[in-house]
Amino acid sequence: MIYITRRERFNAAHKLFREDWSDEKNLEVFGKCSNPNWHGHNYDLFVTVKGEINPQTGFLIDLRALKEIIQTHVTNKLDHRNINMDVDFMKDKMASTEVLAVEIYNQLKPHIEAHGVKIHKIKLVETENNFVEYRGE
Ligand code: NI
């Protein structure tokens with residue numbers, strides 16, 4: 001078994017809030033991330049896939065194909081967008097790093113597995129101090 005990771009970057013706006021809560025409660029729970037006028041992050045997305053090396057190519061997966069999958073199904077939909085308002089797979093979901101990581105994993109899984117490899121892990125870095133990992137468990 002071998003693992004390979006592709007990084008892609010995007011920047012996007014979001015806010016953390018619940019419509020069914022008061023502004024005071026949103027501020028209490030989500031802090032400055034509840035700012036009504038949005039804020040943004042420069043995200044780093046690391047996608048790790050695993051499988052066996054193809055003896056003919058020496059590759060686990062063609063990284064051009066992996067890059068294309070990530071860009072088409074995830075980062076092109078997120079880059080320079082508002083996560084709460086513009087992104088189909090985040091509709092009606094909380095725009096937290098945790099939820100975003102799970103939804104990115106779910107978007108990528110079928111397309112990656114169509115190439116005969118398994119998706120191992122998503123790592124989504126929101127700030128230099130905060131990141132989330134998800135392995136589909
Ligand atoms: Ni934020």
# chains A, B, ... in the order shown; residues from 1 in each chain; ligands from 1
>>> select_by_dssp(residues="chain A", states="helix (DSSP H, G or I)", output="PyMOL selection string")
chain A and resi 23-34+63-78+83-86+88-90+97-113
>>> residues_around(residues="Tyr105 (chain A)", least_positions_apart="5", cutoff="8 Å", atoms="only C-alpha atoms", output="ChimeraX atom specification")
/A:121-122,134-136
>>> closest_atom_pairs(of="chain A", to="ligand 1", cutoff="10 Å", atoms="only C-alpha atoms and all ligand atoms", output="JSON lines")
{"residue": "A:Ala12", "atom": "CA", "partner": "ligand 1", "partner_atom_place_in_ligand_line": "1 (Ni)", "distance": 9.4}
{"residue": "A:Ala13", "atom": "CA", "partner": "ligand 1", "partner_atom_place_in_ligand_line": "1 (Ni)", "distance": 7.7}
{"residue": "A:His14", "atom": "CA", "partner": "ligand 1", "partner_atom_place_in_ligand_line": "1 (Ni)", "distance": 6.2}
{"residue": "A:Lys15", "atom": "CA", "partner": "ligand 1", "partner_atom_place_in_ligand_line": "1 (Ni)", "distance": 6.1}
{"residue": "A:Leu16", "atom": "CA", "partner": "ligand 1", "partner_atom_place_in_ligand_line": "1 (Ni)", "distance": 7.2}
{"residue": "A:Phe30", "atom": "CA", "partner": "ligand 1", "partner_atom_place_in_ligand_line": "1 (Ni)", "distance": 9.3}
{"residue": "A:Gly31", "atom": "CA", "partner": "ligand 1", "partner_atom_place_in_ligand_line": "1 (Ni)", "distance": 9.8}
{"residue": "A:Lys32", "atom": "CA", "partner": "ligand 1", "partner_atom_place_in_ligand_line": "1 (Ni)", "distance": 8.1}
{"residue": "A:Cys33", "atom": "CA", "partner": "ligand 1", "partner_atom_place_in_ligand_line": "1 (Ni)", "distance": 5.0}
{"residue": "A:Ser34", "atom": "CA", "partner": "ligand 1", "partner_atom_place_in_ligand_line": "1 (Ni)", "distance": 8.2}
{"residue": "A:Asn35", "atom": "CA", "partner": "ligand 1", "partner_atom_place_in_ligand_line": "1 (Ni)", "distance": 9.2}
{"residue": "A:Trp38", "atom": "CA", "partner": "ligand 1", "partner_atom_place_in_ligand_line": "1 (Ni)", "distance": 8.4}
{"residue": "A:His39", "atom": "CA", "partner": "ligand 1", "partner_atom_place_in_ligand_line": "1 (Ni)", "distance": 6.3}
{"residue": "A:Gly40", "atom": "CA", "partner": "ligand 1", "partner_atom_place_in_ligand_line": "1 (Ni)", "distance": 6.2}
{"residue": "A:His41", "atom": "CA", "partner": "ligand 1", "partner_atom_place_in_ligand_line": "1 (Ni)", "distance": 6.4}
{"residue": "A:Asn42", "atom": "CA", "partner": "ligand 1", "partner_atom_place_in_ligand_line": "1 (Ni)", "distance": 9.9}
{"residue": "A:Ala95", "atom": "CA", "partner": "ligand 1", "partner_atom_place_in_ligand_line": "1 (Ni)", "distance": 8.4}
{"residue": "A:Ser96", "atom": "CA", "partner": "ligand 1", "partner_atom_place_in_ligand_line": "1 (Ni)", "distance": 7.4}
{"residue": "A:Thr97", "atom": "CA", "partner": "ligand 1", "partner_atom_place_in_ligand_line": "1 (Ni)", "distance": 8.1}
{"residue": "A:Glu126", "atom": "CA", "partner": "ligand 1", "partner_atom_place_in_ligand_line": "1 (Ni)", "distance": 7.6}
{"residue": "A:Thr127", "atom": "CA", "partner": "ligand 1", "partner_atom_place_in_ligand_line": "1 (Ni)", "distance": 8.7}
>>> closest_residue(among="A:Met1, A:Val99, A:Glu128, A:Ala114", to="Glu52 (chain A)", atoms="only C-alpha atoms")
A:Met1
>>> select_by_dssp(residues="chain A", states="strand (DSSP E or B)", output="number ranges by chain")
A: 2-14, 39-51, 81-82, 118-127, 130-134
>>> residues_around(residues="Leu60 (chain A)", least_positions_apart="3", cutoff="8 Å", atoms="only C-alpha atoms", output="list in words")
Ile2, Tyr3, Ile4, Lys50, Gly51, Glu52, Ile53, Asn54 and Val117 of chain A
>>> write_last_selection(atoms="N, CA and C atoms", output="CSV table (one decimal), in the first residue's frame")
chain,number,residue,atom,x,y,z
A,2,ILE,N,0.5,2.2,-0.9
A,2,ILE,CA,1.3,3.4,-0.9
A,2,ILE,C,0.3,4.6,-0.9
A,3,TYR,N,0.8,5.7,-0.4
A,3,TYR,CA,-0.1,6.9,-0.2
A,3,TYR,C,0.5,8.1,-1.0
A,4,ILE,N,-0.3,8.9,-1.6
A,4,ILE,CA,0.2,10.1,-2.3
A,4,ILE,C,-0.8,11.2,-2.0
A,50,LYS,N,-4.7,6.2,-1.6
A,50,LYS,CA,-3.9,5.0,-1.3
A,50,LYS,C,-4.3,3.9,-2.3
A,51,GLY,N,-3.3,3.0,-2.5
A,51,GLY,CA,-3.5,1.9,-3.3
A,51,GLY,C,-2.2,1.2,-3.6
A,52,GLU,N,-2.1,0.5,-4.7
A,52,GLU,CA,-0.9,-0.2,-5.2
A,52,GLU,C,-0.3,0.5,-6.4
A,53,ILE,N,1.0,0.5,-6.5
A,53,ILE,CA,1.7,1.1,-7.6
A,53,ILE,C,1.4,0.3,-8.9
A,54,ASN,N,1.0,1.0,-10.0
A,54,ASN,CA,0.9,0.4,-11.3
A,54,ASN,C,2.2,0.0,-11.8
A,117,VAL,N,-8.2,3.6,-7.1
A,117,VAL,CA,-7.5,3.8,-5.9
A,117,VAL,C,-8.6,4.2,-4.8
>>> residues_around(residues="Ile70 (chain A)", least_positions_apart="5", cutoff="10 Å", atoms="only C-alpha atoms", output="ChimeraX atom specification")
/A:6-8,45-47,65,75-77,104,107-108,111-112
>>> write_last_selection(atoms="N, CA, C and O atoms", output="compact mmCIF listing (two decimals), in the first residue's frame")
# COMPACT_ATOMS: atom_id res chain seq x y z
N ARG A 6 -2.11 15.23 -2.86
CA ARG A 6 -2.15 16.41 -3.73
C ARG A 6 -2.70 17.59 -2.92
O ARG A 6 -3.71 17.46 -2.24
N ARG A 7 -2.01 18.73 -3.03
CA ARG A 7 -2.53 19.94 -2.38
C ARG A 7 -3.19 20.83 -3.43
O ARG A 7 -2.64 21.02 -4.52
N GLU A 8 -4.33 21.37 -3.09
CA GLU A 8 -4.96 22.42 -3.88
C GLU A 8 -5.33 23.54 -2.91
O GLU A 8 -5.57 23.30 -1.74
N LEU A 45 -6.16 22.55 0.91
CA LEU A 45 -6.82 21.24 0.92
C LEU A 45 -5.80 20.18 0.51
O LEU A 45 -5.18 20.28 -0.56
N PHE A 46 -5.61 19.19 1.36
CA PHE A 46 -4.71 18.08 1.06
C PHE A 46 -5.55 16.81 0.89
O PHE A 46 -6.30 16.43 1.80
N VAL A 47 -5.44 16.19 -0.26
CA VAL A 47 -6.20 14.98 -0.56
C VAL A 47 -5.22 13.82 -0.69
O VAL A 47 -4.36 13.83 -1.57
N ALA A 65 -4.72 13.62 -13.25
CA ALA A 65 -6.12 13.21 -13.10
C ALA A 65 -6.64 13.58 -11.71
O ALA A 65 -7.78 14.07 -11.58
N THR A 75 -12.58 22.52 -5.80
CA THR A 75 -11.99 23.85 -5.62
C THR A 75 -12.52 24.88 -6.61
O THR A 75 -12.64 26.05 -6.26
N ASN A 76 -12.87 24.47 -7.83
CA ASN A 76 -13.46 25.45 -8.76
C ASN A 76 -14.82 25.94 -8.25
O ASN A 76 -15.24 27.06 -8.57
N LYS A 77 -15.49 25.10 -7.46
CA LYS A 77 -16.80 25.49 -6.91
C LYS A 77 -16.65 26.40 -5.69
O LYS A 77 -17.59 27.10 -5.33
N ILE A 104 -16.41 17.73 1.26
CA ILE A 104 -15.37 17.60 0.22
C ILE A 104 -15.01 16.13 0.02
O ILE A 104 -14.92 15.63 -1.11
N GLN A 107 -17.71 14.47 -1.93
CA GLN A 107 -17.68 14.87 -3.34
C GLN A 107 -16.62 14.10 -4.11
O GLN A 107 -16.83 13.68 -5.24
N LEU A 108 -15.46 13.93 -3.49
CA LEU A 108 -14.31 13.36 -4.19
C LEU A 108 -14.34 11.84 -4.29
O LEU A 108 -13.84 11.27 -5.26
N HIS A 111 -15.31 9.82 -7.54
CA HIS A 111 -14.47 10.15 -8.70
C HIS A 111 -13.06 9.59 -8.54
O HIS A 111 -12.45 9.15 -9.52
N ILE A 112 -12.55 9.61 -7.32
CA ILE A 112 -11.22 9.05 -7.06
C ILE A 112 -11.27 7.53 -7.18
O ILE A 112 -10.40 6.91 -7.80
>>> residues_around(residues="Lys109 (chain A)", least_positions_apart="6", cutoff="10 Å", atoms="only C-alpha atoms", output="list in words")
Val49, Ile69, Val117, Lys118, Ile119, His120 and Gly136 of chain A
>>> write_last_selection(atoms="all heavy atoms", output="compact mmCIF listing (two decimals), in the first residue's frame")
# COMPACT_ATOMS: atom_id res chain seq x y z
N VAL A 49 -4.61 9.81 -1.33
CA VAL A 49 -5.20 8.58 -1.85
C VAL A 49 -4.21 7.44 -1.61
O VAL A 49 -3.01 7.66 -1.41
CB VAL A 49 -5.57 8.70 -3.35
CG1 VAL A 49 -6.50 9.87 -3.58
CG2 VAL A 49 -4.33 8.83 -4.23
N ILE A 69 -9.76 16.12 -10.89
CA ILE A 69 -10.92 15.72 -10.08
C ILE A 69 -11.16 16.73 -8.96
O ILE A 69 -12.29 17.19 -8.74
CB ILE A 69 -10.70 14.30 -9.48
CG1 ILE A 69 -10.77 13.25 -10.56
CG2 ILE A 69 -11.72 14.02 -8.37
CD1 ILE A 69 -10.28 11.87 -10.11
N VAL A 117 -8.24 3.57 -7.13
CA VAL A 117 -7.53 3.81 -5.87
C VAL A 117 -8.56 4.21 -4.81
O VAL A 117 -9.70 4.52 -5.14
CB VAL A 117 -6.45 4.91 -6.00
CG1 VAL A 117 -5.39 4.50 -7.01
CG2 VAL A 117 -7.07 6.24 -6.39
N LYS A 118 -8.13 4.20 -3.56
CA LYS A 118 -9.03 4.59 -2.47
C LYS A 118 -8.66 5.98 -1.97
O LYS A 118 -7.50 6.36 -1.96
CB LYS A 118 -8.90 3.59 -1.31
CG LYS A 118 -9.40 2.20 -1.64
CD LYS A 118 -10.44 1.79 -0.62
CE LYS A 118 -10.98 0.39 -0.86
NZ LYS A 118 -11.94 0.28 -1.92
N ILE A 119 -9.68 6.72 -1.55
CA ILE A 119 -9.42 7.99 -0.87
C ILE A 119 -9.09 7.66 0.58
O ILE A 119 -9.80 6.89 1.23
CB ILE A 119 -10.61 8.95 -1.01
CG1 ILE A 119 -10.29 10.31 -0.39
CG2 ILE A 119 -11.89 8.37 -0.46
CD1 ILE A 119 -11.29 11.40 -0.78
N HIS A 120 -7.97 8.17 1.05
CA HIS A 120 -7.52 7.85 2.42
C HIS A 120 -7.90 8.94 3.40
O HIS A 120 -8.42 8.67 4.47
CB HIS A 120 -6.00 7.66 2.43
CG HIS A 120 -5.42 7.45 3.79
ND1 HIS A 120 -5.76 6.38 4.58
CD2 HIS A 120 -4.55 8.21 4.53
CE1 HIS A 120 -5.11 6.47 5.74
NE2 HIS A 120 -4.39 7.56 5.73
N GLY A 136 -13.50 9.51 6.52
CA GLY A 136 -14.73 8.79 6.18
C GLY A 136 -15.22 7.85 7.28
O GLY A 136 -16.04 6.98 7.02
>>> atom_distance(atom1="CA of Thr5 (chain A)", atom2="CA of Asp62 (chain A)")
11.6 Å
>>> closest_residue(among="A:Asn129, A:Phe89, A:Arg9, A:Glu103", to="Gln71 (chain A)", atoms="only C-alpha atoms")
A:Arg9
>>> decode(residues="region 101-127 of chain A", atoms="N, CA, C and O atoms", output="CSV table (one decimal), in the first residue's frame")
chain,number,residue,atom,x,y,z
A,101,ALA,N,-15.0,19.8,5.3
A,101,ALA,CA,-14.1,18.6,5.1
A,101,ALA,C,-14.9,17.3,4.8
A,101,ALA,O,-14.5,16.6,3.8
A,102,VAL,N,-15.9,17.1,5.5
A,102,VAL,CA,-16.7,15.9,5.3
A,102,VAL,C,-17.4,16.0,3.9
A,102,VAL,O,-17.4,15.0,3.1
A,103,GLU,N,-17.9,17.1,3.5
A,103,GLU,CA,-18.6,17.3,2.2
A,103,GLU,C,-17.6,17.2,1.1
A,103,GLU,O,-17.9,16.6,0.0
A,104,ILE,N,-16.4,17.7,1.3
A,104,ILE,CA,-15.4,17.6,0.2
A,104,ILE,C,-15.0,16.1,0.0
A,104,ILE,O,-14.9,15.6,-1.1
A,105,TYR,N,-14.8,15.4,1.1
A,105,TYR,CA,-14.5,14.0,1.0
A,105,TYR,C,-15.6,13.3,0.2
A,105,TYR,O,-15.4,12.5,-0.7
A,106,ASN,N,-16.9,13.6,0.6
A,106,ASN,CA,-18.0,12.9,-0.1
A,106,ASN,C,-18.1,13.2,-1.6
A,106,ASN,O,-18.5,12.4,-2.4
A,107,GLN,N,-17.7,14.5,-1.9
A,107,GLN,CA,-17.7,14.9,-3.3
A,107,GLN,C,-16.6,14.1,-4.1
A,107,GLN,O,-16.8,13.7,-5.2
A,108,LEU,N,-15.5,13.9,-3.5
A,108,LEU,CA,-14.3,13.4,-4.2
A,108,LEU,C,-14.3,11.8,-4.3
A,108,LEU,O,-13.8,11.3,-5.3
A,109,LYS,N,-14.9,11.2,-3.3
A,109,LYS,CA,-14.8,9.7,-3.1
A,109,LYS,C,-15.1,9.0,-4.4
A,109,LYS,O,-14.3,8.2,-4.9
A,110,PRO,N,-16.3,9.2,-5.0
A,110,PRO,CA,-16.7,8.3,-6.2
A,110,PRO,C,-15.7,8.6,-7.4
A,110,PRO,O,-15.4,7.6,-8.1
A,111,HIS,N,-15.3,9.8,-7.5
A,111,HIS,CA,-14.5,10.2,-8.7
A,111,HIS,C,-13.1,9.6,-8.5
A,111,HIS,O,-12.4,9.1,-9.5
A,112,ILE,N,-12.5,9.6,-7.3
A,112,ILE,CA,-11.2,9.0,-7.1
A,112,ILE,C,-11.3,7.5,-7.2
A,112,ILE,O,-10.4,6.9,-7.8
A,113,GLU,N,-12.3,6.9,-6.6
A,113,GLU,CA,-12.4,5.5,-6.6
A,113,GLU,C,-12.6,4.9,-8.1
A,113,GLU,O,-12.3,3.8,-8.3
A,114,ALA,N,-13.1,5.8,-8.9
A,114,ALA,CA,-13.3,5.4,-10.3
A,114,ALA,C,-11.9,5.1,-11.0
A,114,ALA,O,-11.9,4.5,-12.1
A,115,HIS,N,-10.9,5.6,-10.4
A,115,HIS,CA,-9.5,5.4,-10.9
A,115,HIS,C,-8.8,4.2,-10.3
A,115,HIS,O,-7.6,4.1,-10.5
A,116,GLY,N,-9.6,3.4,-9.5
A,116,GLY,CA,-9.0,2.2,-9.0
A,116,GLY,C,-8.1,2.4,-7.8
A,116,GLY,O,-7.4,1.5,-7.4
A,117,VAL,N,-8.2,3.6,-7.1
A,117,VAL,CA,-7.5,3.8,-5.9
A,117,VAL,C,-8.6,4.2,-4.8
A,117,VAL,O,-9.7,4.5,-5.1
A,118,LYS,N,-8.1,4.2,-3.6
A,118,LYS,CA,-9.0,4.6,-2.5
A,118,LYS,C,-8.7,6.0,-2.0
A,118,LYS,O,-7.5,6.4,-2.0
A,119,ILE,N,-9.7,6.7,-1.5
A,119,ILE,CA,-9.4,8.0,-0.9
A,119,ILE,C,-9.1,7.7,0.6
A,119,ILE,O,-9.8,6.9,1.2
A,120,HIS,N,-8.0,8.2,1.1
A,120,HIS,CA,-7.5,7.8,2.4
A,120,HIS,C,-7.9,8.9,3.4
A,120,HIS,O,-8.4,8.7,4.5
A,121,LYS,N,-7.6,10.2,3.0
A,121,LYS,CA,-7.8,11.3,4.0
A,121,LYS,C,-8.0,12.6,3.3
A,121,LYS,O,-7.3,12.8,2.3
A,122,ILE,N,-8.8,13.4,3.9
A,122,ILE,CA,-8.8,14.9,3.6
A,122,ILE,C,-8.3,15.6,4.7
A,122,ILE,O,-8.6,15.4,5.9
A,123,LYS,N,-7.4,16.6,4.4
A,123,LYS,CA,-6.9,17.5,5.5
A,123,LYS,C,-7.2,18.9,4.9
A,123,LYS,O,-6.8,19.3,3.8
A,124,LEU,N,-8.0,19.6,5.7
A,124,LEU,CA,-8.4,21.0,5.3
A,124,LEU,C,-7.9,22.0,6.3
A,124,LEU,O,-8.3,21.9,7.5
A,125,VAL,N,-7.0,22.8,5.8
A,125,VAL,CA,-6.4,23.8,6.7
A,125,VAL,C,-7.1,25.2,6.5
A,125,VAL,O,-7.1,25.7,5.4
A,126,GLU,N,-7.6,25.7,7.6
A,126,GLU,CA,-8.4,26.9,7.5
A,126,GLU,C,-7.5,28.1,7.9
A,126,GLU,O,-7.5,29.1,7.2
A,127,THR,N,-6.7,27.9,8.9
A,127,THR,CA,-5.7,28.9,9.3
A,127,THR,C,-4.4,28.1,9.7
A,127,THR,O,-4.5,26.9,9.8
